[in-house]
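First the structure, in the form of C-alpha cells, and then the observations on it.
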Amino acid sequence: MVKCLLISGSPRKGNSDIVLGKIFEKIECEKEIIYLRDKDIKHCTGCLVCAKSDKCSIKDDMGELLELMVWADVIVIGTPNYFDNVPGLLKDFIDRTNPFYETDMLKGKKLVSIVVGGGKIVNSRRVSEHALTYFSNAHKLDFVDSYYFSDLGVDDVLEDKSLDATVDTIALMINERLLALSILQNLDYCNNAFQNL
Ligand SMILES: Cc1cc2nc3c(=O)[nH]c(=O)nc-3n(C[C@H](O)[C@H](O)[C@H](O)COP(=O)(O)O)c2cc1C
C-alpha cells in the first residue's frame with residue numbers, strides 16, 4: 001500500500017495546518033500527519049557523525065521522523081514563509097535530515113510543498129524555489145509541485161474563496177501520483193512473483 005506523510009513546519013496552529021488537514025482528509029492511502037512544533041527536534045550541532053555512519057549523534061524525536069520519511073512514498077511539507085525562507089523549526093528538521101545526504105534512502109520519493117505567506121505569492125515562491133528545492137535535490141527527491149496561499153492571520157486561509165478548489169486540485173494530483181505508484185508497486189510484485197515461479 002502506498003503511503004503519504006504530511007509535515008507541518010509551522011510554529012503555530014494556523015494556515016499551513018488548515019491546508020494540510022484538508023488535504024489529509026482527501027487523500028486515499030495509508031497516511032500520517034505530523035506537526036514539527038509538537039516534536040523534540042534539537043539543532044544540528046555540525047558534528048558530522050552522520051557523514052561517516054549515516055546516524056545522528058543526537059537522541060530526540062528526529063530518529064522517529066527519519067523513519068517516517070523512509071516509510072513514505074509521498075511527502076507533503078506545509079510551511080509558512082518566514083523572511084522568504086522556512087521558519088527555524090522546519091530548518092532544524094531539514095538540517096537534521098543530513099544522515100540521508102548522498103544516500104539513496106529518499107531517492108525518487110515524491111515531494112509536494114504548500115507555502116503560506118502573509119505577503120505576495122511571488123515572494124513565497126522563493127521559499128520553494130530555494131530552501132525546499134535544495135532540500136529536495138540534496139536527497140534525490142522528486143519535487144512534483146508547489147502551491148501557494150497568501151494569508152497573514154492565524155486562520156485567514158479559511159476566508160480564501162479558492163481554498164476548497166485548490167485543496168481539491170492538490171488532493172487529486174496526489175491521489176493520481178499515489179495510484180501510479182501503487183500500480184508500479186503491484187507490477188513489481190507480479191514481476192518478482194513471476195520470476196520465482
Ligand atoms: C517571523 C515572521 C516572518 C514572516 N516573514 C514573512 C515573509 O517574509 N513573507 C511573507 O509573505 N509573510 C511572512 N510572514 C507571515 C506569515 O508567513 C503568515 O502569517 C502565514 O500565514 C503563517 O502561516 P501559518 O499560519 O501556517 O503559521 C512572517 C511571519 C512571521 C511570524
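Just remember, in the C-alpha cells the first chain shown is A, the second B, etc., residues are 1-based per chain, and ligands are 1-based in the order shown.
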| said: Around ligand 1, out to 8 Å and counting only C-alpha atoms and all ligand atoms, which residues are there? I want them as a PyMOL selection string. | reply: chain A and resi 9-18+78-85+87+115-121+123-124+150-157
| Using only C-alpha atoms: which of A:Cys47, A:Asp164, A:Glu28, A:Leu20 has the shortest distance to Val112 of chain A |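 Checking each of A:Cys47, A:Asp164, A:Glu28, A:Leu20 against Val112 of chain A, counting only C-alpha atoms, the winner is A:Leu20.
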Neighbour list for Val70 of chain A as a PDB file with N, CA and C atoms, in the first residue's frame, cut-off 10 Å, only C-alpha atoms, skip fewer than 3 positions in-chain:
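Below is the file that was written, part-v6.pdb:
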ATOM      1  N   LEU A   5       3.108  11.015   3.851  1.00  0.00           N
ATOM      2  CA  LEU A   5       3.457  11.689   5.099  1.00  0.00           C
ATOM      3  C   LEU A   5       3.288  13.193   4.910  1.00  0.00           C
ATOM      4  N   LEU A  65      11.224  10.546  13.070  1.00  0.00           N
ATOM      5  CA  LEU A  65      10.822  11.311  11.880  1.00  0.00           C
ATOM      6  C   LEU A  65      11.593  10.850  10.639  1.00  0.00           C
ATOM      7  N   LEU A  66      12.863  10.511  10.816  1.00  0.00           N
ATOM      8  CA  LEU A  66      13.643   9.992   9.679  1.00  0.00           C
ATOM      9  C   LEU A  66      13.044   8.663   9.211  1.00  0.00           C
ATOM     10  N   GLU A  67      12.618   7.840  10.183  1.00  0.00           N
ATOM     11  CA  GLU A  67      11.994   6.557   9.812  1.00  0.00           C
ATOM     12  C   GLU A  67      10.702   6.784   9.034  1.00  0.00           C
ATOM     13  N   ASP A  73       5.937   7.197   0.627  1.00  0.00           N
ATOM     14  CA  ASP A  73       6.196   7.286  -0.816  1.00  0.00           C
ATOM     15  C   ASP A  73       6.050   8.736  -1.277  1.00  0.00           C
ATOM     16  N   VAL A  74       5.113   9.444  -0.626  1.00  0.00           N
ATOM     17  CA  VAL A  74       4.871  10.855  -0.973  1.00  0.00           C
ATOM     18  C   VAL A  74       4.996  11.672   0.318  1.00  0.00           C
ATOM     19  N   ILE A  75       5.731  12.768   0.241  1.00  0.00           N
ATOM     20  CA  ILE A  75       5.905  13.651   1.407  1.00  0.00           C
ATOM     21  C   ILE A  75       5.349  15.028   1.047  1.00  0.00           C
ATOM     22  N   PHE A 100      20.688  11.488   5.536  1.00  0.00           N
ATOM     23  CA  PHE A 100      20.260  10.989   4.217  1.00  0.00           C
ATOM     24  C   PHE A 100      21.103  11.558   3.075  1.00  0.00           C
ATOM     25  N   MET A 105      18.434   6.820   0.288  1.00  0.00           N
ATOM     26  CA  MET A 105      17.325   6.454   1.187  1.00  0.00           C
ATOM     27  C   MET A 105      16.000   7.101   0.788  1.00  0.00           C
ATOM     28  N   LEU A 106      16.056   8.318   0.259  1.00  0.00           N
ATOM     29  CA  LEU A 106      14.805   9.015  -0.104  1.00  0.00           C
ATOM     30  C   LEU A 106      14.662   9.134  -1.622  1.00  0.00           C
ATOM     31  N   LYS A 107      15.548   8.480  -2.342  1.00  0.00           N
ATOM     32  CA  LYS A 107      15.608   8.672  -3.798  1.00  0.00           C
ATOM     33  C   LYS A 107      14.252   8.384  -4.469  1.00  0.00           C
ATOM     34  N   LYS A 109      11.326   9.535  -4.003  1.00  0.00           N
ATOM     35  CA  LYS A 109      10.067   9.800  -3.296  1.00  0.00           C
ATOM     36  C   LYS A 109       9.526  11.147  -3.763  1.00  0.00           C
TER      37      LYS A 109
END
| Neighbour list for Leu178 of chain A as an MDAnalysis selection string, cut-off 7 Å, only C-alpha atoms, skip fewer than 4 positions in-chain | chainID A and resid 2 174 182
Selected residues, C-alpha atoms, written as a PDB file, in the first residue's frame, please.
ATOM      1  CA  VAL A   2       1.300   3.441  -0.888  1.00  0.00           C
ATOM      2  CA  ILE A 174      -1.501  13.488  -5.002  1.00  0.00           C
ATOM      3  CA  SER A 182       0.601   1.630  -6.414  1.00  0.00           C
TER       4      SER A 182
END
| field | Which of segment 3-50 of chain A fall in strand (DSSP E), as a PyMOL selection string | value | chain A and resi 3-8+30-35
| task | Excluding Ala138 of chain A and any residue of its chain fewer than 6 positions from it, enumerate the residues within 12 Å of it, using only C-alpha atoms, and give them as a VMD selection string. | result | chain A and resid 94 to 95 97 to 108 130 to 132
Given the selection you just returned, output its residues as a file containing N, CA and C atoms, formatted as a compact mmCIF listing (two decimals), in the first residue's frame.
# COMPACT_ATOMS: atom_id res chain seq x y z
N ILE A 94 15.09 20.14 8.58
CA ILE A 94 15.83 19.93 7.33
C ILE A 94 17.31 19.63 7.62
N ASP A 95 17.91 20.42 8.50
CA ASP A 95 19.33 20.20 8.82
C ASP A 95 19.54 18.80 9.39
N THR A 97 18.08 16.16 8.66
CA THR A 97 17.95 15.05 7.69
C THR A 97 19.30 14.77 7.01
N ASN A 98 20.35 15.42 7.51
CA ASN A 98 21.67 15.23 6.88
C ASN A 98 22.14 13.76 6.81
N PRO A 99 21.69 12.87 7.73
CA PRO A 99 22.08 11.46 7.56
C PRO A 99 21.66 10.88 6.20
N PHE A 100 20.69 11.49 5.54
CA PHE A 100 20.26 10.99 4.22
C PHE A 100 21.10 11.56 3.07
N TYR A 101 21.92 12.58 3.40
CA TYR A 101 22.67 13.27 2.34
C TYR A 101 23.63 12.31 1.64
N GLU A 102 23.62 12.36 0.33
CA GLU A 102 24.45 11.48 -0.51
C GLU A 102 24.17 9.99 -0.27
N THR A 103 22.91 9.69 0.12
CA THR A 103 22.47 8.30 0.16
C THR A 103 21.28 8.21 -0.80
N ASP A 104 20.80 6.98 -1.00
CA ASP A 104 19.61 6.82 -1.86
C ASP A 104 18.37 6.51 -1.03
N MET A 105 18.43 6.82 0.29
CA MET A 105 17.32 6.45 1.19
C MET A 105 16.00 7.10 0.79
N LEU A 106 16.06 8.32 0.26
CA LEU A 106 14.81 9.01 -0.10
C LEU A 106 14.66 9.13 -1.62
N LYS A 107 15.55 8.48 -2.34
CA LYS A 107 15.61 8.67 -3.80
C LYS A 107 14.25 8.38 -4.47
N GLY A 108 13.79 9.33 -5.26
CA GLY A 108 12.59 9.14 -6.07
C GLY A 108 11.28 9.35 -5.34
N HIS A 130 14.08 27.97 -3.47
CA HIS A 130 15.42 27.93 -2.88
C HIS A 130 15.52 26.84 -1.81
N ALA A 131 15.00 27.12 -0.60
CA ALA A 131 15.19 26.19 0.52
C ALA A 131 14.67 24.78 0.20
N LEU A 132 13.44 24.69 -0.29
CA LEU A 132 12.86 23.36 -0.47
C LEU A 132 13.39 22.66 -1.72
| message | According to DSSP computed on the backbone, where in segment 44-197 of chain A is there alpha helix (DSSP H)? Give the residues as JSON, numbers by chain. | response | {"A": [49, 50, 51, 52, 53, 62, 63, 64, 65, 66, 67, 68, 69, 70, 71, 88, 89, 90, 91, 92, 93, 94, 95, 121, 122, 123, 124, 125, 126, 133, 134, 135, 136, 137, 138, 163, 164, 165, 166, 167, 168, 169, 170, 171, 172, 173, 174, 175, 176, 177, 178, 179, 180, 181, 182, 183, 184, 185, 186, 187, 188, 189, 190, 191, 192, 193, 194, 195]}
Restricting it to C-alpha atoms, dump the selection as an mmCIF file, in the first residue's frame.
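File part-v2.cif, as written:
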data_model
loop_
_atom_site.group_PDB
_atom_site.id
_atom_site.type_symbol
_atom_site.label_atom_id
_atom_site.label_comp_id
_atom_site.auth_asym_id
_atom_site.auth_seq_id
_atom_site.Cartn_x
_atom_site.Cartn_y
_atom_site.Cartn_z
ATOM 1 C CA VAL A 49 28.978 11.872 12.716
ATOM 2 C CA CYS A 50 26.238 11.265 10.128
ATOM 3 C CA ALA A 51 28.720 11.761 7.278
ATOM 4 C CA LYS A 52 30.625 8.670 8.436
ATOM 5 C CA SER A 53 27.873 6.461 9.819
ATOM 6 C CA MET A 62 14.252 13.081 14.885
ATOM 7 C CA GLY A 63 15.022 9.330 14.725
ATOM 8 C CA GLU A 64 11.303 8.550 14.502
ATOM 9 C CA LEU A 65 10.822 11.311 11.880
ATOM 10 C CA LEU A 66 13.643 9.992 9.679
ATOM 11 C CA GLU A 67 11.994 6.557 9.812
ATOM 12 C CA LEU A 68 8.673 8.083 8.761
ATOM 13 C CA MET A 69 10.355 9.727 5.766
ATOM 14 C CA VAL A 70 11.763 6.376 4.681
ATOM 15 C CA TRP A 71 8.307 4.810 5.186
ATOM 16 C CA GLY A 88 13.650 27.892 12.127
ATOM 17 C CA LEU A 89 11.565 24.912 13.277
ATOM 18 C CA LEU A 90 11.462 23.468 9.757
ATOM 19 C CA LYS A 91 15.063 24.477 9.080
ATOM 20 C CA ASP A 92 16.161 22.469 12.128
ATOM 21 C CA PHE A 93 14.222 19.496 10.769
ATOM 22 C CA ILE A 94 15.829 19.929 7.326
ATOM 23 C CA ASP A 95 19.329 20.202 8.820
ATOM 24 C CA ILE A 121 2.806 34.808 -3.708
ATOM 25 C CA VAL A 122 5.812 35.729 -5.832
ATOM 26 C CA ASN A 123 7.812 36.046 -2.579
ATOM 27 C CA SER A 124 6.607 32.738 -1.128
ATOM 28 C CA ARG A 125 7.643 31.094 -4.380
ATOM 29 C CA ARG A 126 11.235 31.785 -3.315
ATOM 30 C CA THR A 133 14.309 22.776 -3.938
ATOM 31 C CA TYR A 134 17.780 22.397 -2.487
ATOM 32 C CA PHE A 135 16.427 20.068 0.230
ATOM 33 C CA SER A 136 14.725 18.006 -2.493
ATOM 34 C CA ASN A 137 17.779 17.867 -4.777
ATOM 35 C CA ALA A 138 20.166 17.018 -1.949
ATOM 36 C CA LEU A 163 -9.300 27.289 -0.694
ATOM 37 C CA ASP A 164 -11.518 24.262 -1.327
ATOM 38 C CA ALA A 165 -10.921 24.255 -5.095
ATOM 39 C CA THR A 166 -7.146 24.460 -4.567
ATOM 40 C CA VAL A 167 -7.225 21.701 -1.947
ATOM 41 C CA ASP A 168 -9.237 19.536 -4.384
ATOM 42 C CA THR A 169 -6.603 20.150 -7.097
ATOM 43 C CA ILE A 170 -3.752 19.248 -4.741
ATOM 44 C CA ALA A 171 -5.519 16.133 -3.409
ATOM 45 C CA LEU A 172 -6.370 14.989 -6.941
ATOM 46 C CA MET A 173 -2.759 15.440 -8.043
ATOM 47 C CA ILE A 174 -1.501 13.488 -5.002
ATOM 48 C CA ASN A 175 -4.101 10.733 -5.464
ATOM 49 C CA GLU A 176 -3.067 10.371 -9.127
ATOM 50 C CA ARG A 177 0.595 10.018 -8.126
ATOM 51 C CA LEU A 178 -0.335 7.525 -5.409
ATOM 52 C CA LEU A 179 -2.375 5.483 -7.879
ATOM 53 C CA ALA A 180 0.508 5.445 -10.370
ATOM 54 C CA LEU A 181 2.904 4.393 -7.586
ATOM 55 C CA SER A 182 0.601 1.630 -6.414
ATOM 56 C CA ILE A 183 0.297 0.279 -9.994
ATOM 57 C CA LEU A 184 4.103 0.291 -10.275
ATOM 58 C CA GLN A 185 4.453 -1.461 -6.895
ATOM 59 C CA ASN A 186 1.918 -4.133 -7.962
ATOM 60 C CA LEU A 187 3.734 -4.614 -11.269
ATOM 61 C CA ASP A 188 6.979 -5.025 -9.351
ATOM 62 C CA TYR A 189 5.317 -7.544 -7.031
ATOM 63 C CA CYS A 190 3.891 -9.526 -10.008
ATOM 64 C CA ASN A 191 7.249 -9.423 -11.762
ATOM 65 C CA ASN A 192 9.039 -10.821 -8.692
ATOM 66 C CA ALA A 193 6.355 -13.481 -8.179
ATOM 67 C CA PHE A 194 6.638 -14.460 -11.866
ATOM 68 C CA GLN A 195 10.440 -14.778 -11.628
#
| Among the residues A:Leu158, A:Val86, A:Ile58, A:Val76, the one that comes closest to Ile33 of chain A [using only C-alpha atoms] |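 Of the candidates, the smallest distance to Ile33 of chain A is held by A:Val76.
Shortest separation to Glu30 of chain A among A:Ser57, A:His43, A:Met1, A:Ser8 occurs at residue A:Met1, atoms counted being only C-alpha atoms.
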| Between A:Ala72, A:Leu111, A:Asp61, A:Ile34, which one has atoms that come closest to Cys4 of chain A, using only C-alpha atoms? |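 Nearest to Cys4 of chain A: A:Ala72.
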| Between atom CA of Phe24 of chain A and atom CA of Lys42 of chain A, what is the distance, to one decimal in Å? | 26.9 Å
